[in-house]
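What follows is the content of entry_0.txt, which has compact mmCIF, C-alpha atoms and all ligand atoms:
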# COMPACT_ATOMS: atom_id res chain seq x y z
CA MET A 1 17.52 11.39 -9.08
CA PRO A 2 16.17 13.76 -11.75
CA VAL A 3 13.56 16.33 -10.79
CA SER A 4 10.48 15.78 -12.89
CA GLN A 5 7.46 17.78 -11.90
CA SER A 6 4.02 16.44 -12.56
CA PRO A 7 2.04 18.42 -15.14
CA ASN A 8 -1.15 17.03 -13.61
CA ALA A 9 -2.00 20.15 -11.64
CA LYS A 10 -5.74 19.95 -12.19
CA ASN A 11 -7.77 17.27 -10.53
CA ASN A 12 -10.74 19.04 -9.08
CA SER A 13 -12.44 22.30 -9.87
CA GLY A 14 -10.05 25.14 -10.63
CA SER A 15 -6.34 24.50 -10.25
CA CYS A 16 -6.19 22.96 -6.81
CA ARG A 17 -3.04 21.06 -5.97
CA VAL A 18 -3.43 17.95 -3.86
CA LEU A 19 -0.37 16.92 -1.85
CA ALA A 20 -0.23 13.81 0.32
CA VAL A 21 2.08 14.03 3.33
CA VAL A 22 3.43 10.53 3.50
CA ASN A 23 6.01 8.36 5.26
CA GLN A 24 5.04 4.98 6.65
CA LYS A 25 7.11 5.63 9.76
CA GLY A 26 5.30 7.21 12.68
CA GLY A 27 6.65 10.22 14.56
CA VAL A 28 8.64 11.73 11.69
CA GLY A 29 6.70 15.00 11.50
CA LYS A 30 3.94 14.32 8.95
CA THR A 31 1.14 15.83 10.99
CA THR A 32 3.26 18.72 12.24
CA THR A 33 4.27 19.50 8.66
CA ALA A 34 0.70 19.22 7.35
CA ILE A 35 -0.70 21.55 10.02
CA ASN A 36 2.03 24.16 9.88
CA LEU A 37 2.59 24.23 6.15
CA ALA A 38 -1.18 24.56 5.75
CA THR A 39 -1.25 27.45 8.22
CA ALA A 40 1.66 29.22 6.51
CA MET A 41 -0.05 28.84 3.12
CA ALA A 42 -3.36 30.08 4.52
CA ALA A 43 -1.52 33.10 5.94
CA VAL A 44 -0.54 34.11 2.41
CA ASP A 45 -4.18 33.91 1.31
CA LYS A 46 -4.19 30.43 -0.17
CA ARG A 47 -7.41 28.55 0.46
CA VAL A 48 -6.27 25.37 2.10
CA LEU A 49 -7.97 22.12 3.13
CA ILE A 50 -6.38 19.53 5.40
CA VAL A 51 -7.71 15.99 5.04
CA ASP A 52 -6.98 14.10 8.25
CA ALA A 53 -6.70 10.55 6.93
CA ASP A 54 -5.06 9.12 10.05
CA PRO A 55 -7.46 7.31 12.42
CA GLN A 56 -5.35 8.71 15.28
CA GLY A 57 -6.71 12.14 14.36
CA ASN A 58 -3.67 14.13 15.44
CA ALA A 59 -4.17 16.80 12.79
CA SER A 60 -7.75 17.32 13.99
CA THR A 61 -6.66 17.57 17.64
CA GLY A 62 -3.71 19.78 16.74
CA LEU A 63 -6.07 22.20 15.02
CA GLY A 64 -8.25 22.44 18.10
CA ILE A 65 -11.03 20.02 17.16
CA PRO A 66 -11.36 17.45 19.95
CA ARG A 67 -12.70 13.98 19.21
CA ALA A 68 -16.08 14.67 20.82
CA SER A 69 -16.92 17.59 18.55
CA ARG A 70 -15.82 16.15 15.23
CA GLY A 71 -18.96 14.79 13.60
CA ALA A 72 -18.71 13.56 10.03
CA GLY A 73 -15.24 13.50 8.55
CA CYS A 74 -12.90 11.48 6.39
CA TYR A 75 -14.79 8.21 6.84
CA GLU A 76 -18.11 9.70 5.79
CA LEU A 77 -16.35 11.33 2.83
CA MET A 78 -15.00 7.99 1.66
CA PHE A 79 -17.91 5.69 2.48
CA ASP A 80 -21.16 7.56 3.02
CA GLY A 81 -21.24 9.64 -0.13
CA LEU A 82 -20.89 12.93 1.75
CA SER A 83 -19.13 15.68 -0.18
CA VAL A 84 -16.10 17.77 0.74
CA GLU A 85 -18.53 20.65 1.29
CA ASP A 86 -20.64 18.49 3.64
CA VAL A 87 -17.77 17.49 5.90
CA ALA A 88 -15.16 20.29 5.75
CA GLN A 89 -15.09 22.41 8.91
CA PRO A 90 -13.55 25.81 9.50
CA THR A 91 -10.57 26.09 11.87
CA LEU A 92 -9.21 28.90 14.01
CA ILE A 93 -7.23 30.00 11.00
CA PRO A 94 -8.93 31.99 8.26
CA ASN A 95 -8.66 30.24 4.86
CA LEU A 96 -7.91 26.89 6.50
CA SER A 97 -10.54 24.15 6.67
CA ILE A 98 -10.24 20.56 7.78
CA ILE A 99 -11.90 17.26 7.09
CA THR A 100 -11.43 15.59 10.44
CA SER A 101 -10.56 12.02 11.12
CA SER A 102 -13.75 10.32 12.29
CA ALA A 103 -14.03 7.50 14.81
CA ASP A 104 -15.08 5.00 12.15
CA LEU A 105 -11.93 5.60 10.12
CA ALA A 106 -10.17 3.02 12.29
CA GLY A 107 -12.31 0.30 10.70
CA ALA A 108 -12.01 1.70 7.20
CA GLU A 109 -9.00 -0.36 6.30
CA ILE A 110 -10.95 -3.61 6.62
CA GLN A 111 -14.07 -2.17 5.08
CA LEU A 112 -12.20 -0.91 2.03
CA VAL A 113 -11.23 -4.44 1.05
CA THR A 114 -14.78 -5.21 -0.03
CA THR A 115 -15.76 -1.75 -1.26
CA GLU A 116 -16.30 -0.89 -4.90
CA ARG A 117 -13.53 1.28 -6.41
CA ARG A 118 -11.73 0.80 -3.14
CA GLU A 119 -8.53 2.54 -4.27
CA PHE A 120 -10.39 5.59 -5.59
CA ARG A 121 -12.77 6.48 -2.76
CA MET A 122 -10.79 9.53 -1.69
CA LYS A 123 -9.91 10.71 -5.18
CA ASP A 124 -13.52 10.45 -6.37
CA ALA A 125 -14.69 12.52 -3.39
CA LEU A 126 -11.98 15.19 -3.64
CA ASP A 127 -12.47 15.50 -7.41
CA ARG A 128 -16.13 16.30 -6.84
CA SER A 129 -15.27 19.26 -4.62
CA THR A 130 -16.89 22.40 -5.92
CA ASN A 131 -15.10 24.65 -3.47
CA ASN A 132 -12.16 26.48 -4.91
CA TYR A 133 -9.33 25.39 -2.71
CA ASP A 134 -5.81 26.21 -3.85
CA LEU A 135 -4.24 23.40 -1.89
CA MET A 136 -5.35 20.19 -0.22
CA LEU A 137 -2.93 18.46 2.15
CA ILE A 138 -3.70 14.86 3.06
CA ASP A 139 -2.18 13.81 6.40
CA CYS A 140 -1.54 10.07 5.97
CA PRO A 141 -1.43 7.34 8.61
CA PRO A 142 1.97 5.80 9.47
CA SER A 143 1.53 2.81 7.21
CA LEU A 144 1.34 1.90 3.53
CA ASN A 145 -2.22 0.63 3.86
CA LEU A 146 -5.33 1.09 1.73
CA ILE A 147 -6.07 4.51 3.21
CA THR A 148 -2.58 5.66 2.27
CA LEU A 149 -3.04 4.11 -1.17
CA ASN A 150 -6.24 6.17 -1.54
CA ALA A 151 -4.22 9.29 -0.67
CA LEU A 152 -1.46 8.44 -3.16
CA ILE A 153 -4.07 8.07 -5.89
CA ALA A 154 -5.94 11.26 -4.93
CA ALA A 155 -2.73 13.31 -4.88
CA ASN A 156 -0.86 15.18 -7.60
CA ALA A 157 2.36 14.83 -5.67
CA LEU A 158 3.87 13.84 -2.33
CA LEU A 159 5.57 15.59 0.52
CA VAL A 160 7.83 13.24 2.43
CA PRO A 161 8.98 14.37 5.88
CA LEU A 162 12.15 12.60 7.01
CA GLN A 163 13.19 12.81 10.62
CA VAL A 164 16.90 13.52 10.93
CA GLU A 165 18.01 10.37 12.74
CA PHE A 166 20.33 7.49 12.05
CA TYR A 167 17.62 5.43 10.35
CA ALA A 168 16.15 8.34 8.35
CA LEU A 169 16.33 6.55 4.98
CA GLU A 170 15.16 3.22 6.29
CA GLY A 171 11.86 2.31 4.68
CA MET A 172 12.41 4.64 1.72
CA THR A 173 12.87 1.69 -0.64
CA SER A 174 9.40 0.37 0.13
CA LEU A 175 7.91 3.86 -0.15
CA LEU A 176 9.56 4.38 -3.55
CA GLN A 177 8.42 0.93 -4.70
CA THR A 178 4.88 1.76 -3.64
CA ILE A 179 5.04 5.06 -5.55
CA ASP A 180 6.23 3.18 -8.66
CA ALA A 181 3.43 0.65 -8.33
CA VAL A 182 0.83 3.42 -7.92
CA ARG A 183 2.24 5.17 -11.00
CA ALA A 184 2.11 2.01 -13.06
CA ARG A 185 -1.44 1.08 -12.13
CA PHE A 186 -3.40 4.10 -10.97
CA ASN A 187 -1.81 7.54 -11.11
CA PRO A 188 0.86 7.89 -13.83
CA ASP A 189 1.77 11.47 -12.93
CA LEU A 190 2.39 10.89 -9.24
CA ASP A 191 5.69 12.39 -8.18
CA ILE A 192 7.55 13.48 -5.09
CA GLU A 193 7.08 17.23 -4.73
CA GLY A 194 9.67 17.40 -2.00
CA VAL A 195 11.43 15.75 0.89
CA VAL A 196 11.59 17.80 4.08
CA LEU A 197 14.10 17.16 6.84
CA THR A 198 12.50 17.47 10.27
CA MET A 199 13.70 17.69 13.87
CA TYR A 200 17.12 18.86 12.74
CA ASP A 201 19.58 19.57 15.53
CA LYS A 202 22.45 21.65 14.25
CA ARG A 203 24.54 21.03 17.38
CA ASN A 204 24.55 17.33 16.65
CA SER A 205 27.05 16.15 14.03
CA LEU A 206 24.70 13.28 13.20
CA SER A 207 22.27 15.84 11.73
CA THR A 208 24.86 17.06 9.24
CA ALA A 209 25.79 13.51 8.26
CA VAL A 210 22.16 12.45 7.80
CA GLU A 211 21.41 15.61 5.82
CA ARG A 212 24.33 14.86 3.50
CA ASP A 213 23.11 11.28 2.91
CA VAL A 214 19.52 12.34 2.28
CA ARG A 215 20.60 15.08 -0.17
CA ALA A 216 22.85 12.58 -1.96
CA TYR A 217 19.94 10.14 -2.23
CA PHE A 218 17.10 12.48 -3.21
CA GLY A 219 19.05 15.32 -4.86
CA GLU A 220 17.04 18.44 -5.66
CA LYS A 221 13.88 16.90 -4.29
CA VAL A 222 15.06 17.84 -0.81
CA PHE A 223 13.86 21.27 0.29
CA GLU A 224 16.64 23.67 1.25
CA THR A 225 14.62 24.55 4.32
CA VAL A 226 15.17 22.16 7.22
CA ILE A 227 12.81 22.11 10.19
CA PRO A 228 14.77 22.40 13.45
CA ARG A 229 13.95 20.43 16.55
CA ASN A 230 12.17 23.06 18.63
CA VAL A 231 10.28 22.55 21.87
CA ARG A 232 7.63 25.14 20.91
CA VAL A 233 6.68 22.94 17.94
CA SER A 234 6.02 20.00 20.24
CA GLU A 235 4.09 22.12 22.78
CA ALA A 236 1.70 23.69 20.29
CA PRO A 237 -0.62 20.67 19.65
CA SER A 238 -1.56 20.40 23.33
CA HIS A 239 -2.92 23.96 23.00
CA GLY A 240 -4.90 22.95 19.89
CA LYS A 241 -2.94 25.39 17.77
CA PRO A 242 -0.42 25.32 14.94
CA VAL A 243 2.96 26.52 16.18
CA LEU A 244 2.61 29.55 13.90
CA LEU A 245 -0.25 30.71 16.14
CA TYR A 246 1.30 29.52 19.38
CA ASP A 247 4.66 31.25 18.93
CA LEU A 248 5.20 32.94 15.59
CA LYS A 249 8.76 33.97 16.35
CA CYS A 250 10.19 30.59 17.35
CA SER A 251 12.59 28.81 15.02
CA GLY A 252 10.01 26.13 14.14
CA SER A 253 7.42 28.68 12.96
CA GLN A 254 10.02 30.56 10.95
CA ALA A 255 11.14 27.33 9.29
CA TYR A 256 7.60 26.37 8.28
CA MET A 257 7.10 29.82 6.75
CA HIS A 258 10.31 29.34 4.75
CA LEU A 259 9.10 25.93 3.66
CA ALA A 260 5.83 27.43 2.40
CA SER A 261 7.70 30.09 0.48
CA GLU A 262 9.99 27.47 -1.07
CA LEU A 263 6.98 25.42 -2.13
CA LEU A 264 5.37 28.48 -3.72
CA LYS A 265 8.60 29.30 -5.56
CA ARG A 266 8.84 25.74 -6.90
CA ASP A 267 5.26 25.96 -8.05
CA ALA A 268 5.89 29.29 -9.80
CA ALA A 269 9.03 27.93 -11.47
CA PHE A 270 7.03 24.91 -12.58
CA ARG A 271 4.33 27.07 -14.15
CA GLU A 272 7.01 29.12 -15.89
CA ASP A 273 8.59 25.94 -17.32
CA MET A 274 5.21 24.80 -18.54
CA ARG A 275 4.46 27.98 -20.48
CA ASP A 276 5.81 26.36 -23.65
CA PHE A 277 3.22 23.61 -23.29
CA PRO A 278 -0.10 25.41 -23.75
CA GLU A 279 -2.28 22.42 -23.03
CA VAL A 280 -0.58 22.02 -19.64
CA ALA A 281 -0.22 25.70 -18.78
CA SER A 282 -3.99 26.13 -18.97
CA ALA A 283 -4.57 23.24 -16.53
P1 LIG B 1 3.84 11.87 12.47
O1 LIG B 1 2.60 12.55 12.03
O2 LIG B 1 4.77 11.54 11.34
O3 LIG B 1 3.55 10.66 13.30
P2 LIG B 1 4.19 14.13 14.24
O4 LIG B 1 4.10 15.34 13.37
O5 LIG B 1 2.99 13.79 15.03
O6 LIG B 1 4.68 12.88 13.40
O7 LIG B 1 5.45 14.34 15.19
C1 LIG B 1 5.82 13.37 16.14
C2 LIG B 1 6.16 14.05 17.46
O8 LIG B 1 7.29 14.88 17.28
C3 LIG B 1 5.04 14.93 17.97
O9 LIG B 1 5.01 14.84 19.38
C4 LIG B 1 5.48 16.33 17.54
O10 LIG B 1 4.97 17.33 18.39
C5 LIG B 1 6.99 16.23 17.63
N1 LIG B 1 7.65 17.11 16.66
C6 LIG B 1 7.41 17.17 15.33
N2 LIG B 1 8.21 18.07 14.74
C7 LIG B 1 8.97 18.61 15.73
C8 LIG B 1 10.00 19.61 15.77
N3 LIG B 1 10.40 20.26 14.66
N4 LIG B 1 10.56 19.89 16.97
C9 LIG B 1 10.17 19.23 18.09
N5 LIG B 1 9.21 18.29 18.13
C10 LIG B 1 8.62 17.98 16.96
MG MG B 2 0.60 11.92 12.22
Could you write out this structure as structure tokens?
Amino acid sequence: MPVSQSPNAKNNSGSCRVLAVVNQKGGVGKTTTAINLATAMAAVDKRVLIVDADPQGNASTGLGIPRASRGAGCYELMFDGLSVEDVAQPTLIPNLSIITSSADLAGAEIQLVTTERREFRMKDALDRSTNNYDLMLIDCPPSLNLITLNALIAANALLVPLQVEFYALEGMTSLLQTIDAVRARFNPDLDIEGVVLTMYDKRNSLSTAVERDVRAYFGEKVFETVIPRNVRVSEAPSHGKPVLLYDLKCSGSQAYMHLASELLKRDAAFREDMRDFPEVASA
């Protein structure tokens, strides 16, 4: 599969990149990747916003914001006309803000069906942001529903976490079909920024076999960095912290820092490539 980067780097004020973390399977590491990649990027002075678009609210909980103290969040952003600035909250981590998942988001799916510009509610709201974020990460629900569709339309590109397991590639056909359909109808520049292998166990020969298959399927889209299965990663959310804050030295934290650096390098290489296209380079 050829690597074609999207030149559509500008979709709100400044040059913010909007990445949706998507895979319709649950438990593959979407939320863990959103939280920890966001933290690693914030640690290198990027201004980052997480949009918790999953009614389960795991990103909000994992960043230390319990359900009771959430207030207005993603639902109010999409339906009540509140702005990013109205609903974004600071987190424990400097440079990292979050739009939490609100209780009403669970009913949003049904409500969207009859809402005007139902596919564009999230994009319209994020585009109006006047805050200069460098990166927005949308943590998607485990389904290809209307909320996920909103995220795919709001995003410049996608991050796809794949859990290293026998059925890792199962469901990828429907995800790729959905991406094609979104491109054709709503967001022509949508692309996969990268596929990240999660919960990798190097002692298990299955991991190597799955990695080989995924790299054969997605080619250069797959990040070199793989996220190991690491108990510290799974403990961190119950402390309301990203693993980078919970245990910086553990293998999971180190891997997420590598992933952030790989993403930054890809972005820099992309900008370099685009220098010959002045109208894009200035975006
Ligand atoms: P998703 O958002 O795709 O549903 P999560 O990020 O919530 O997936 O991860 C599912 C479960 O796996 C969570 O309990 C999480 O703590 C755990 N987990 C995720 N990544 C790792 C990892 N690298 N090592 C160990 N456990 C992990
Ligand atoms: Mg999740």
- Tell me, in Å to one decimal, how far CA of Leu126 (chain A) is from CA of Ser83 (chain A).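 Spanning CA of Leu126 (chain A) to CA of Ser83 (chain A) is a straight-line distance of 8.0 Å.
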- Task: List all protein, DNA and RNA residues that have at least one atom no more than 7 Å from any atom of ligand LIG 1 (chain B), counting only C-alpha atoms and all ligand atoms, and write them as a PyMOL selection string.
- Result: chain A and resi 23+25-33+58+142+198-199+227-231+233-235+237+252
Excluding Ala88 (chain A) and its own-chain neighbours fewer than 3 positions away, which residues fall within 7 Å of it when counting all atoms listed in the file? Please give them as a compact mmCIF listing (two decimals) with C-alpha atoms, in the coordinates of the input.
# COMPACT_ATOMS: atom_id res chain seq x y z
CA VAL A 84 -16.10 17.77 0.74
CA GLU A 85 -18.53 20.65 1.29
CA SER A 97 -10.54 24.15 6.67
CA ILE A 98 -10.24 20.56 7.78
CA ILE A 99 -11.90 17.26 7.09
- Query: Which distance in Å separates CA of Leu158 (chain A) and CA of Phe218 (chain A), to one decimal?
  - Reply: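 If I compute the distance from CA of Leu158 (chain A) to CA of Phe218 (chain A), I get 13.3 Å.
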- Would you mind listing what lies within 9 Å of Ile138 (chain A) as JSON, numbers by chain, with only C-alpha atoms counted and same-chain residues fewer than 4 positions away left out? {"A": [18, 19, 20, 21, 22, 34, 49, 50, 51, 52, 53, 151, 155]}
I need region 10-51 of chain A written out with N, CA and C atoms, as a PDB file, in the first residue's frame; please produce it.
ATOM      1  N   LYS A  10      -4.240  21.913   7.625  1.00  0.00           N
ATOM      2  CA  LYS A  10      -4.859  23.057   8.300  1.00  0.00           C
ATOM      3  C   LYS A  10      -6.369  22.884   8.334  1.00  0.00           C
ATOM      4  N   ASN A  11      -6.940  22.748   9.499  1.00  0.00           N
ATOM      5  CA  ASN A  11      -8.393  22.716   9.494  1.00  0.00           C
ATOM      6  C   ASN A  11      -8.988  23.486  10.649  1.00  0.00           C
ATOM      7  N   ASN A  12      -8.159  24.061  11.483  1.00  0.00           N
ATOM      8  CA  ASN A  12      -8.693  25.062  12.397  1.00  0.00           C
ATOM      9  C   ASN A  12      -7.637  26.157  12.471  1.00  0.00           C
ATOM     10  N   SER A  13      -7.712  27.007  13.461  1.00  0.00           N
ATOM     11  CA  SER A  13      -6.774  28.116  13.453  1.00  0.00           C
ATOM     12  C   SER A  13      -5.347  27.592  13.570  1.00  0.00           C
ATOM     13  N   GLY A  14      -4.405  28.258  12.911  1.00  0.00           N
ATOM     14  CA  GLY A  14      -3.020  27.822  12.972  1.00  0.00           C
ATOM     15  C   GLY A  14      -2.836  26.558  12.161  1.00  0.00           C
ATOM     16  N   SER A  15      -1.914  25.699  12.604  1.00  0.00           N
ATOM     17  CA  SER A  15      -1.629  24.510  11.805  1.00  0.00           C
ATOM     18  C   SER A  15      -1.857  23.259  12.639  1.00  0.00           C
ATOM     19  N   CYS A  16      -2.964  23.255  13.339  1.00  0.00           N
ATOM     20  CA  CYS A  16      -3.272  22.108  14.201  1.00  0.00           C
ATOM     21  C   CYS A  16      -3.539  20.857  13.371  1.00  0.00           C
ATOM     22  N   ARG A  17      -2.994  19.751  13.832  1.00  0.00           N
ATOM     23  CA  ARG A  17      -3.290  18.481  13.180  1.00  0.00           C
ATOM     24  C   ARG A  17      -4.327  17.744  14.018  1.00  0.00           C
ATOM     25  N   VAL A  18      -5.314  17.196  13.350  1.00  0.00           N
ATOM     26  CA  VAL A  18      -6.366  16.466  14.053  1.00  0.00           C
ATOM     27  C   VAL A  18      -6.268  14.997  13.665  1.00  0.00           C
ATOM     28  N   LEU A  19      -5.971  14.158  14.650  1.00  0.00           N
ATOM     29  CA  LEU A  19      -5.855  12.718  14.384  1.00  0.00           C
ATOM     30  C   LEU A  19      -6.956  11.986  15.139  1.00  0.00           C
ATOM     31  N   ALA A  20      -7.673  11.106  14.447  1.00  0.00           N
ATOM     32  CA  ALA A  20      -8.663  10.269  15.130  1.00  0.00           C
ATOM     33  C   ALA A  20      -8.019   8.917  15.412  1.00  0.00           C
ATOM     34  N   VAL A  21      -8.169   8.454  16.650  1.00  0.00           N
ATOM     35  CA  VAL A  21      -7.639   7.143  17.031  1.00  0.00           C
ATOM     36  C   VAL A  21      -8.788   6.161  16.879  1.00  0.00           C
ATOM     37  N   VAL A  22      -8.680   5.305  15.874  1.00  0.00           N
ATOM     38  CA  VAL A  22      -9.857   4.547  15.481  1.00  0.00           C
ATOM     39  C   VAL A  22      -9.562   3.063  15.241  1.00  0.00           C
ATOM     40  N   ASN A  23     -10.464   2.244  15.676  1.00  0.00           N
ATOM     41  CA  ASN A  23     -10.525   0.807  15.360  1.00  0.00           C
ATOM     42  C   ASN A  23     -11.847   0.374  15.980  1.00  0.00           C
ATOM     43  N   GLN A  24     -12.708  -0.219  15.181  1.00  0.00           N
ATOM     44  CA  GLN A  24     -14.042  -0.522  15.707  1.00  0.00           C
ATOM     45  C   GLN A  24     -14.042  -1.662  16.719  1.00  0.00           C
ATOM     46  N   LYS A  25     -12.872  -2.319  16.877  1.00  0.00           N
ATOM     47  CA  LYS A  25     -12.799  -3.336  17.927  1.00  0.00           C
ATOM     48  C   LYS A  25     -12.520  -2.655  19.268  1.00  0.00           C
ATOM     49  N   GLY A  26     -13.106  -3.177  20.323  1.00  0.00           N
ATOM     50  CA  GLY A  26     -12.816  -2.656  21.656  1.00  0.00           C
ATOM     51  C   GLY A  26     -11.574  -3.347  22.221  1.00  0.00           C
ATOM     52  N   GLY A  27     -10.931  -2.701  23.162  1.00  0.00           N
ATOM     53  CA  GLY A  27      -9.830  -3.326  23.887  1.00  0.00           C
ATOM     54  C   GLY A  27      -8.537  -3.489  23.118  1.00  0.00           C
ATOM     55  N   VAL A  28      -8.357  -2.710  22.038  1.00  0.00           N
ATOM     56  CA  VAL A  28      -7.135  -2.868  21.241  1.00  0.00           C
ATOM     57  C   VAL A  28      -6.054  -1.836  21.593  1.00  0.00           C
ATOM     58  N   GLY A  29      -6.407  -0.893  22.485  1.00  0.00           N
ATOM     59  CA  GLY A  29      -5.408   0.099  22.898  1.00  0.00           C
ATOM     60  C   GLY A  29      -5.630   1.498  22.343  1.00  0.00           C
ATOM     61  N   LYS A  30      -6.844   1.801  21.889  1.00  0.00           N
ATOM     62  CA  LYS A  30      -7.127   3.158  21.384  1.00  0.00           C
ATOM     63  C   LYS A  30      -6.938   4.198  22.481  1.00  0.00           C
ATOM     64  N   THR A  31      -7.644   3.989  23.592  1.00  0.00           N
ATOM     65  CA  THR A  31      -7.619   4.987  24.661  1.00  0.00           C
ATOM     66  C   THR A  31      -6.222   5.103  25.259  1.00  0.00           C
ATOM     67  N   THR A  32      -5.582   3.969  25.478  1.00  0.00           N
ATOM     68  CA  THR A  32      -4.230   3.963  26.039  1.00  0.00           C
ATOM     69  C   THR A  32      -3.285   4.734  25.117  1.00  0.00           C
ATOM     70  N   THR A  33      -3.437   4.526  23.817  1.00  0.00           N
ATOM     71  CA  THR A  33      -2.584   5.215  22.854  1.00  0.00           C
ATOM     72  C   THR A  33      -2.903   6.715  22.835  1.00  0.00           C
ATOM     73  N   ALA A  34      -4.190   7.060  22.849  1.00  0.00           N
ATOM     74  CA  ALA A  34      -4.556   8.481  22.838  1.00  0.00           C
ATOM     75  C   ALA A  34      -3.954   9.190  24.053  1.00  0.00           C
ATOM     76  N   ILE A  35      -4.160   8.620  25.232  1.00  0.00           N
ATOM     77  CA  ILE A  35      -3.690   9.271  26.464  1.00  0.00           C
ATOM     78  C   ILE A  35      -2.163   9.394  26.482  1.00  0.00           C
ATOM     79  N   ASN A  36      -1.490   8.320  26.137  1.00  0.00           N
ATOM     80  CA  ASN A  36      -0.033   8.323  26.330  1.00  0.00           C
ATOM     81  C   ASN A  36       0.719   9.025  25.208  1.00  0.00           C
ATOM     82  N   LEU A  37       0.201   8.928  24.007  1.00  0.00           N
ATOM     83  CA  LEU A  37       0.800   9.698  22.915  1.00  0.00           C
ATOM     84  C   LEU A  37       0.592  11.192  23.184  1.00  0.00           C
ATOM     85  N   ALA A  38      -0.601  11.538  23.649  1.00  0.00           N
ATOM     86  CA  ALA A  38      -0.890  12.938  23.977  1.00  0.00           C
ATOM     87  C   ALA A  38       0.067  13.438  25.060  1.00  0.00           C
ATOM     88  N   THR A  39       0.286  12.631  26.074  1.00  0.00           N
ATOM     89  CA  THR A  39       1.174  13.032  27.168  1.00  0.00           C
ATOM     90  C   THR A  39       2.608  13.198  26.672  1.00  0.00           C
ATOM     91  N   ALA A  40       3.052  12.257  25.839  1.00  0.00           N
ATOM     92  CA  ALA A  40       4.426  12.341  25.312  1.00  0.00           C
ATOM     93  C   ALA A  40       4.585  13.587  24.436  1.00  0.00           C
ATOM     94  N   MET A  41       3.563  13.919  23.668  1.00  0.00           N
ATOM     95  CA  MET A  41       3.639  15.117  22.814  1.00  0.00           C
ATOM     96  C   MET A  41       3.616  16.384  23.673  1.00  0.00           C
ATOM     97  N   ALA A  42       2.785  16.362  24.719  1.00  0.00           N
ATOM     98  CA  ALA A  42       2.727  17.531  25.608  1.00  0.00           C
ATOM     99  C   ALA A  42       4.074  17.733  26.303  1.00  0.00           C
ATOM    100  N   ALA A  43       4.752  16.622  26.592  1.00  0.00           N
ATOM    101  CA  ALA A  43       6.044  16.703  27.277  1.00  0.00           C
ATOM    102  C   ALA A  43       7.115  17.356  26.406  1.00  0.00           C
ATOM    103  N   VAL A  44       6.924  17.333  25.091  1.00  0.00           N
ATOM    104  CA  VAL A  44       7.871  18.045  24.226  1.00  0.00           C
ATOM    105  C   VAL A  44       7.262  19.371  23.735  1.00  0.00           C
ATOM    106  N   ASP A  45       6.413  19.935  24.639  1.00  0.00           N
ATOM    107  CA  ASP A  45       5.904  21.299  24.447  1.00  0.00           C
ATOM    108  C   ASP A  45       4.899  21.476  23.327  1.00  0.00           C
ATOM    109  N   LYS A  46       4.289  20.390  22.876  1.00  0.00           N
ATOM    110  CA  LYS A  46       3.182  20.547  21.929  1.00  0.00           C
ATOM    111  C   LYS A  46       1.926  20.831  22.750  1.00  0.00           C
ATOM    112  N   ARG A  47       1.065  21.683  22.232  1.00  0.00           N
ATOM    113  CA  ARG A  47      -0.197  21.945  22.923  1.00  0.00           C
ATOM    114  C   ARG A  47      -1.231  20.963  22.384  1.00  0.00           C
ATOM    115  N   VAL A  48      -1.678  20.103  23.285  1.00  0.00           N
ATOM    116  CA  VAL A  48      -2.460  18.947  22.837  1.00  0.00           C
ATOM    117  C   VAL A  48      -3.852  18.954  23.474  1.00  0.00           C
ATOM    118  N   LEU A  49      -4.837  18.556  22.672  1.00  0.00           N
ATOM    119  CA  LEU A  49      -6.209  18.410  23.166  1.00  0.00           C
ATOM    120  C   LEU A  49      -6.673  16.986  22.872  1.00  0.00           C
ATOM    121  N   ILE A  50      -7.165  16.305  23.906  1.00  0.00           N
ATOM    122  CA  ILE A  50      -7.818  15.008  23.681  1.00  0.00           C
ATOM    123  C   ILE A  50      -9.325  15.243  23.635  1.00  0.00           C
ATOM    124  N   VAL A  51      -9.978  14.671  22.631  1.00  0.00           N
ATOM    125  CA  VAL A  51     -11.436  14.719  22.575  1.00  0.00           C
ATOM    126  C   VAL A  51     -11.923  13.316  22.890  1.00  0.00           C
TER     127      VAL A  51
END
